[in-house]
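Peer 1: Just dropping this structure here.
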Amino acid sequence: MVDIEVLKRNALDRRAFLARMTTAGIGAAAIALLEGCGGGDGSSANTGVNGGGPTSNTVRSAFPNVPGNTDNQVVLNYALSLEIMETYLYTVALNVASGRDPLAPLDSTLPTANSTGSYQQAVPNGVVSPILAPQAFLYLVQFTYAETAHRDFLRTLLGSAASPIVPPSGRYKFSTPNGTPGADLGSILSAIIPIEETGARAYLGAAPFLTDNNTVQVAGTIFSTECRHAASFEYTLGLDPGPTRGLPGVPQPEQEVAAGVPVNAFEKFLAPAVVLAAVSANNFV
């Protein structure tokens with residue numbers, strides 16, 4: 001985990017951190033974090049993580065068993081729990097697509113823009129067209145590093161209050177019938193889409209419980225990034241890149257749009273309790 005106090009003191013570390021967060025789509029939120037979110041000293045109190053008073057009964061009931069001493073801490077620990085799962089599953093997927101050991105750690109050297117770094121596709125394209133396969137694999141590499149940045153950002157934001165819910169084994173499985181991402185690029189991307197769709201709807205369902213506008217910015221920025229990830233993979237698979245419905249492994253959305261509105265006109269939210277139940281049932285090993 002990155003130490004926020006070190007980032008504030010060390011300009012080189014701060015620039016590297018901001019550059020990494022910018023490539024993950026959360027540069028503005030990272031800058032707000034380091035600037036104290038509105039003129040403060042940059043401490044976690046000024047980010048809103050510790051704001052809002054003690055945890056309310058409403059949040060305790062909405063986020064069952066998620067730790068936190070304030071409403072924002074509970075919501076951010078919930079988000080961190082999801083990002084840890086996404087990072088793990090993305091890394092497994094990338095390793096499989098690259099012909100590596102599925103449990104190998106992610107390379108520490110970040111790929112540059114439009115680069116797959118040390119990763120090369122080592123599986124058949126499957127349903128992905130030969131024209132789109134290079135872009136699809138690039139998405140897989142870049143999004144894997146983006147998810148790790150989301151995880152590390154939330155850990156930094158929470159600091160000592162970070163207390164995510166993770167399986168005792170530290171391992172997760174995909175919501176596919178055999179729990180693996182598949183053996184070709186199309187299958188691998190198809191296995192990731194339910195994770196992204198669930199993540200996007202989870203952020204949308206959690207946002208109303210945040211009590212600080214700057215923390216809402218963080219959640220909203222990550223939400224929009226998750227949506228773009230899902231849409232990008234859906235496009236390369238020839239699927240409707242809108243907020244699709246009825247995906248295997250994705251819980252039924254809580255909110256239905258009005259009659260007569262096109263099915264992909266609006267994203268639907270998932271209540272935190274629904275997400276927590278689905279994740280533990282479908283993804284914990």
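Within each chain, counting starts at residue 1; across the structure tokens, chains are named A, B, ... in the order shown, with ligands numbered 1 upward in that order.
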Set the distance at 10 Å and use only C-alpha atoms: which residues neighbour range 86-91 of chain A once local chain neighbours fewer than 6 positions away are removed? I'd like the list as a PyMOL selection string.
Peer 2: chain A and resi 80+97+102-107+140-141+143-151+170-174+180-181+188-189+191-192+195-196+199+283
Peer 1: Can you spit out the residues from that selection as a compact mmCIF listing (two decimals), in the first residue's frame, using N, CA and C atoms?
Peer 2:
```txt
# COMPACT_ATOMS: atom_id res chain seq x y z
N LEU A 80 -13.39 -1.53 -1.98
CA LEU A 80 -12.07 -2.16 -1.98
C LEU A 80 -12.19 -3.68 -2.06
N ALA A 97 -4.54 -15.99 -20.78
CA ALA A 97 -4.48 -15.52 -22.17
C ALA A 97 -3.05 -15.42 -22.67
N PRO A 102 -1.62 -19.44 -14.14
CA PRO A 102 -2.74 -18.57 -13.77
C PRO A 102 -2.52 -17.78 -12.49
N LEU A 103 -1.75 -18.31 -11.55
CA LEU A 103 -1.54 -17.64 -10.27
C LEU A 103 -0.26 -16.82 -10.22
N ALA A 104 0.39 -16.63 -11.36
CA ALA A 104 1.60 -15.81 -11.39
C ALA A 104 1.25 -14.36 -11.06
N PRO A 105 2.13 -13.67 -10.34
CA PRO A 105 1.85 -12.27 -10.03
C PRO A 105 1.93 -11.39 -11.27
N LEU A 106 1.27 -10.26 -11.21
CA LEU A 106 1.30 -9.31 -12.32
C LEU A 106 2.70 -8.70 -12.43
N ASP A 107 3.20 -8.57 -13.65
CA ASP A 107 4.51 -7.94 -13.83
C ASP A 107 4.52 -6.56 -13.19
N LEU A 140 -7.35 -6.16 -22.44
CA LEU A 140 -7.19 -7.06 -21.31
C LEU A 140 -5.96 -6.67 -20.48
N VAL A 141 -4.86 -6.36 -21.15
CA VAL A 141 -3.64 -5.96 -20.43
C VAL A 141 -3.85 -4.63 -19.70
N PHE A 143 -6.58 -2.98 -18.88
CA PHE A 143 -7.62 -2.98 -17.85
C PHE A 143 -7.17 -3.73 -16.60
N THR A 144 -6.33 -4.74 -16.77
CA THR A 144 -5.80 -5.45 -15.61
C THR A 144 -5.00 -4.50 -14.74
N TYR A 145 -4.15 -3.69 -15.37
CA TYR A 145 -3.36 -2.73 -14.61
C TYR A 145 -4.24 -1.61 -14.04
N ALA A 146 -5.31 -1.27 -14.75
CA ALA A 146 -6.24 -0.26 -14.22
C ALA A 146 -6.93 -0.75 -12.97
N GLU A 147 -7.33 -2.03 -12.95
CA GLU A 147 -7.99 -2.57 -11.76
C GLU A 147 -7.04 -2.60 -10.57
N THR A 148 -5.78 -2.93 -10.81
CA THR A 148 -4.82 -2.90 -9.69
C THR A 148 -4.65 -1.48 -9.17
N ALA A 149 -4.71 -0.49 -10.07
CA ALA A 149 -4.61 0.90 -9.63
C ALA A 149 -5.83 1.31 -8.80
N HIS A 150 -7.02 0.85 -9.20
CA HIS A 150 -8.22 1.13 -8.41
C HIS A 150 -8.07 0.55 -7.00
N ARG A 151 -7.61 -0.70 -6.95
CA ARG A 151 -7.40 -1.34 -5.64
C ARG A 151 -6.42 -0.55 -4.79
N GLY A 170 -7.86 -16.20 0.07
CA GLY A 170 -7.33 -15.13 -0.76
C GLY A 170 -7.54 -15.38 -2.24
N ARG A 171 -8.31 -16.40 -2.58
CA ARG A 171 -8.50 -16.78 -3.98
C ARG A 171 -9.98 -16.69 -4.36
N TYR A 172 -10.20 -16.46 -5.65
CA TYR A 172 -11.55 -16.32 -6.19
C TYR A 172 -11.68 -17.20 -7.43
N LYS A 173 -12.92 -17.42 -7.84
CA LYS A 173 -13.17 -18.14 -9.08
C LYS A 173 -14.11 -17.32 -9.95
N PHE A 174 -14.12 -17.60 -11.24
CA PHE A 174 -15.04 -16.96 -12.17
C PHE A 174 -16.43 -17.57 -12.00
N THR A 180 -13.37 -21.26 -14.23
CA THR A 180 -12.17 -20.78 -14.93
C THR A 180 -12.58 -19.82 -16.04
N PRO A 181 -11.62 -19.03 -16.56
CA PRO A 181 -11.98 -18.05 -17.59
C PRO A 181 -12.10 -18.63 -18.99
N ILE A 188 -12.41 -15.87 -22.46
CA ILE A 188 -11.81 -15.14 -21.34
C ILE A 188 -12.49 -13.78 -21.15
N LEU A 189 -12.70 -13.07 -22.25
CA LEU A 189 -13.38 -11.77 -22.15
C LEU A 189 -14.83 -11.95 -21.69
N ALA A 191 -15.91 -14.18 -19.71
CA ALA A 191 -15.91 -14.48 -18.28
C ALA A 191 -15.68 -13.23 -17.44
N ILE A 192 -15.04 -12.21 -18.02
CA ILE A 192 -14.75 -10.99 -17.29
C ILE A 192 -15.95 -10.04 -17.29
N ILE A 195 -18.13 -9.69 -14.26
CA ILE A 195 -17.43 -9.04 -13.15
C ILE A 195 -17.53 -7.53 -13.29
N GLU A 196 -17.27 -7.04 -14.50
CA GLU A 196 -17.33 -5.60 -14.74
C GLU A 196 -18.76 -5.06 -14.61
N GLY A 199 -19.60 -4.94 -11.01
CA GLY A 199 -18.86 -3.85 -10.37
C GLY A 199 -19.47 -2.49 -10.66
N ASN A 283 -18.09 -16.43 -6.26
CA ASN A 283 -16.68 -16.16 -6.55
C ASN A 283 -15.67 -16.57 -5.47
```
Peer 1: Could you tell me which of A:Gly99, A:Leu237, A:Arg155, A:Val285 comes closest to Ser169 in chain A if we count only C-alpha atoms?
Peer 2: A:Val285
Peer 1: Just checking: using only C-alpha atoms, which residue out of A:Leu82, A:His229, A:Val261, A:Leu270 ends up closest to Pro167 in chain A?
Peer 2: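 Among A:Leu82, A:His229, A:Val261, A:Leu270, it is A:Leu82 that comes nearest to Pro167 in chain A.
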Peer 1: What residues in range 26-206 of chain A get the DSSP label helix (DSSP H, G or I)? Please answer as a PyMOL selection string.
Peer 2: chain A and resi 27-34+44-47+57-62+71-97+133-161+185-206
Peer 1: Suppose we keep C-alpha atoms; can you now write the selection as an mmCIF file, in the first residue's frame?
Peer 2:
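Once everything was written out, this is part_20.cif:
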```
data_model
loop_
_atom_site.group_PDB
_atom_site.id
_atom_site.type_symbol
_atom_site.label_atom_id
_atom_site.label_comp_id
_atom_site.auth_asym_id
_atom_site.auth_seq_id
_atom_site.Cartn_x
_atom_site.Cartn_y
_atom_site.Cartn_z
ATOM 1 C CA GLY A 27 -6.290 11.113 -12.117
ATOM 2 C CA ALA A 28 -8.616 13.891 -10.935
ATOM 3 C CA ALA A 29 -9.673 11.882 -7.904
ATOM 4 C CA ALA A 30 -6.029 11.155 -7.066
ATOM 5 C CA ILE A 31 -5.122 14.841 -7.303
ATOM 6 C CA ALA A 32 -8.037 15.717 -5.003
ATOM 7 C CA LEU A 33 -6.795 13.106 -2.540
ATOM 8 C CA LEU A 34 -3.286 14.565 -2.418
ATOM 9 C CA SER A 44 -7.800 11.209 5.451
ATOM 10 C CA ALA A 45 -10.141 13.437 7.469
ATOM 11 C CA ASN A 46 -10.178 15.938 4.611
ATOM 12 C CA THR A 47 -10.910 13.298 1.998
ATOM 13 C CA ASN A 57 -27.702 1.988 11.328
ATOM 14 C CA THR A 58 -28.813 2.527 7.733
ATOM 15 C CA VAL A 59 -25.346 1.804 6.380
ATOM 16 C CA ARG A 60 -24.761 -1.107 8.762
ATOM 17 C CA SER A 61 -27.912 -2.804 7.495
ATOM 18 C CA ALA A 62 -27.240 -1.961 3.833
ATOM 19 C CA ASP A 71 -20.386 5.557 6.653
ATOM 20 C CA ASN A 72 -17.705 6.434 4.097
ATOM 21 C CA GLN A 73 -15.275 3.873 5.489
ATOM 22 C CA VAL A 74 -17.904 1.144 5.168
ATOM 23 C CA VAL A 75 -18.718 2.088 1.570
ATOM 24 C CA LEU A 76 -15.052 2.344 0.585
ATOM 25 C CA ASN A 77 -14.176 -0.967 2.261
ATOM 26 C CA TYR A 78 -17.032 -2.470 0.253
ATOM 27 C CA ALA A 79 -15.568 -0.992 -2.932
ATOM 28 C CA LEU A 80 -12.075 -2.163 -1.980
ATOM 29 C CA SER A 81 -13.387 -5.694 -1.447
ATOM 30 C CA LEU A 82 -14.754 -5.696 -5.005
ATOM 31 C CA GLU A 83 -11.576 -4.216 -6.497
ATOM 32 C CA ILE A 84 -9.423 -6.865 -4.805
ATOM 33 C CA MET A 85 -11.593 -9.554 -6.366
ATOM 34 C CA GLU A 86 -11.502 -7.879 -9.781
ATOM 35 C CA THR A 87 -7.717 -7.483 -9.648
ATOM 36 C CA TYR A 88 -7.263 -11.159 -8.771
ATOM 37 C CA LEU A 89 -9.588 -12.426 -11.518
ATOM 38 C CA TYR A 90 -8.204 -10.038 -14.139
ATOM 39 C CA THR A 91 -4.665 -11.193 -13.347
ATOM 40 C CA VAL A 92 -5.692 -14.842 -13.676
ATOM 41 C CA ALA A 93 -7.415 -14.063 -16.987
ATOM 42 C CA LEU A 94 -4.394 -12.210 -18.355
ATOM 43 C CA ASN A 95 -2.054 -15.003 -17.295
ATOM 44 C CA VAL A 96 -4.230 -17.622 -18.986
ATOM 45 C CA ALA A 97 -4.480 -15.521 -22.168
ATOM 46 C CA ALA A 133 -8.173 -9.579 -31.427
ATOM 47 C CA PRO A 134 -5.048 -7.380 -30.995
ATOM 48 C CA GLN A 135 -7.168 -4.548 -29.594
ATOM 49 C CA ALA A 136 -9.097 -6.940 -27.364
ATOM 50 C CA PHE A 137 -5.881 -8.351 -25.897
ATOM 51 C CA LEU A 138 -4.545 -4.828 -25.394
ATOM 52 C CA TYR A 139 -7.742 -3.996 -23.489
ATOM 53 C CA LEU A 140 -7.186 -7.058 -21.308
ATOM 54 C CA VAL A 141 -3.645 -5.963 -20.434
ATOM 55 C CA GLN A 142 -4.453 -2.299 -19.860
ATOM 56 C CA PHE A 143 -7.620 -2.978 -17.852
ATOM 57 C CA THR A 144 -5.801 -5.453 -15.611
ATOM 58 C CA TYR A 145 -3.357 -2.731 -14.606
ATOM 59 C CA ALA A 146 -6.238 -0.255 -14.222
ATOM 60 C CA GLU A 147 -7.992 -2.568 -11.757
ATOM 61 C CA THR A 148 -4.821 -2.904 -9.692
ATOM 62 C CA ALA A 149 -4.609 0.904 -9.629
ATOM 63 C CA HIS A 150 -8.222 1.130 -8.415
ATOM 64 C CA ARG A 151 -7.400 -1.345 -5.640
ATOM 65 C CA ASP A 152 -4.254 0.495 -4.597
ATOM 66 C CA PHE A 153 -5.977 3.888 -4.755
ATOM 67 C CA LEU A 154 -8.742 2.763 -2.404
ATOM 68 C CA ARG A 155 -6.197 1.239 -0.030
ATOM 69 C CA THR A 156 -4.310 4.535 -0.009
ATOM 70 C CA LEU A 157 -7.507 6.518 0.496
ATOM 71 C CA LEU A 158 -8.563 4.351 3.447
ATOM 72 C CA GLY A 159 -5.099 4.050 4.993
ATOM 73 C CA SER A 160 -5.262 2.295 8.359
ATOM 74 C CA ALA A 161 -9.064 2.048 8.008
ATOM 75 C CA LEU A 185 -9.667 -14.961 -25.924
ATOM 76 C CA GLY A 186 -13.399 -14.758 -26.547
ATOM 77 C CA SER A 187 -14.187 -17.035 -23.599
ATOM 78 C CA ILE A 188 -11.807 -15.136 -21.342
ATOM 79 C CA LEU A 189 -13.380 -11.768 -22.147
ATOM 80 C CA SER A 190 -16.866 -13.260 -21.767
ATOM 81 C CA ALA A 191 -15.905 -14.477 -18.278
ATOM 82 C CA ILE A 192 -14.750 -10.987 -17.286
ATOM 83 C CA ILE A 193 -17.827 -9.075 -18.485
ATOM 84 C CA PRO A 194 -20.087 -10.247 -15.601
ATOM 85 C CA ILE A 195 -17.432 -9.043 -13.151
ATOM 86 C CA GLU A 196 -17.332 -5.597 -14.739
ATOM 87 C CA GLU A 197 -21.109 -5.355 -15.068
ATOM 88 C CA THR A 198 -21.572 -6.311 -11.422
ATOM 89 C CA GLY A 199 -18.864 -3.850 -10.374
ATOM 90 C CA ALA A 200 -20.441 -0.982 -12.293
ATOM 91 C CA ARG A 201 -23.880 -1.622 -10.815
ATOM 92 C CA ALA A 202 -22.351 -2.080 -7.362
ATOM 93 C CA TYR A 203 -20.780 1.406 -7.439
ATOM 94 C CA LEU A 204 -24.080 2.864 -8.627
ATOM 95 C CA GLY A 205 -25.921 1.173 -5.766
ATOM 96 C CA ALA A 206 -23.376 2.287 -3.151
#
```
Peer 1: Find the residues around Asp240 in chain A up to 12 Å (only C-alpha atoms counted), leave out those fewer than 3 positions away in its own chain, and share them as a count of residues only.
Peer 2: 15
Peer 1: From the set A:Val250, A:Val49, A:Leu110, A:Ala278, which residue has the shortest atom-to-atom contact distance to Asn214 in chain A, counting only C-alpha atoms?
Peer 2: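 Answer, going by the shortest atom-to-atom distance: A:Val49.
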Peer 1: Using only C-alpha atoms, pick whichever of A:Pro248, A:Gly220, A:Gly126, A:Gly242 has the shortest atom-to-atom distance to Pro262 in chain A.
Peer 2: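 Comparing A:Pro248, A:Gly220, A:Gly126, A:Gly242 against Pro262 in chain A, the winner is A:Gly242.
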Peer 1: What does the distance between CA of Pro168 in chain A and CA of Pro64 in chain A come to in Å, to one decimal place?
Peer 2: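 About the pair CA of Pro168 in chain A and CA of Pro64 in chain A: they are 17.7 Å apart.
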Peer 1: Mind giving me the straight-line distance from CA of Pro177 in chain A to CA of Glu254 in chain A in Å, one decimal?
Peer 2: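 We find that CA of Pro177 in chain A and CA of Glu254 in chain A lie 24.2 Å from each other.
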Peer 1: Quick one: distance from CA of Gly182 in chain A to CA of Asn125 in chain A in Å, one decimal?
Peer 2: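 Distance reported for this atom pair: 11.5 Å.
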Peer 1: Between A:Gly179, A:Pro208, A:Pro130, A:Pro54, which is the closest to Gly249 in chain A once you count only C-alpha atoms?
Peer 2: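 When distances to Gly249 in chain A are compared using only C-alpha atoms, the smallest one comes from A:Gly179.
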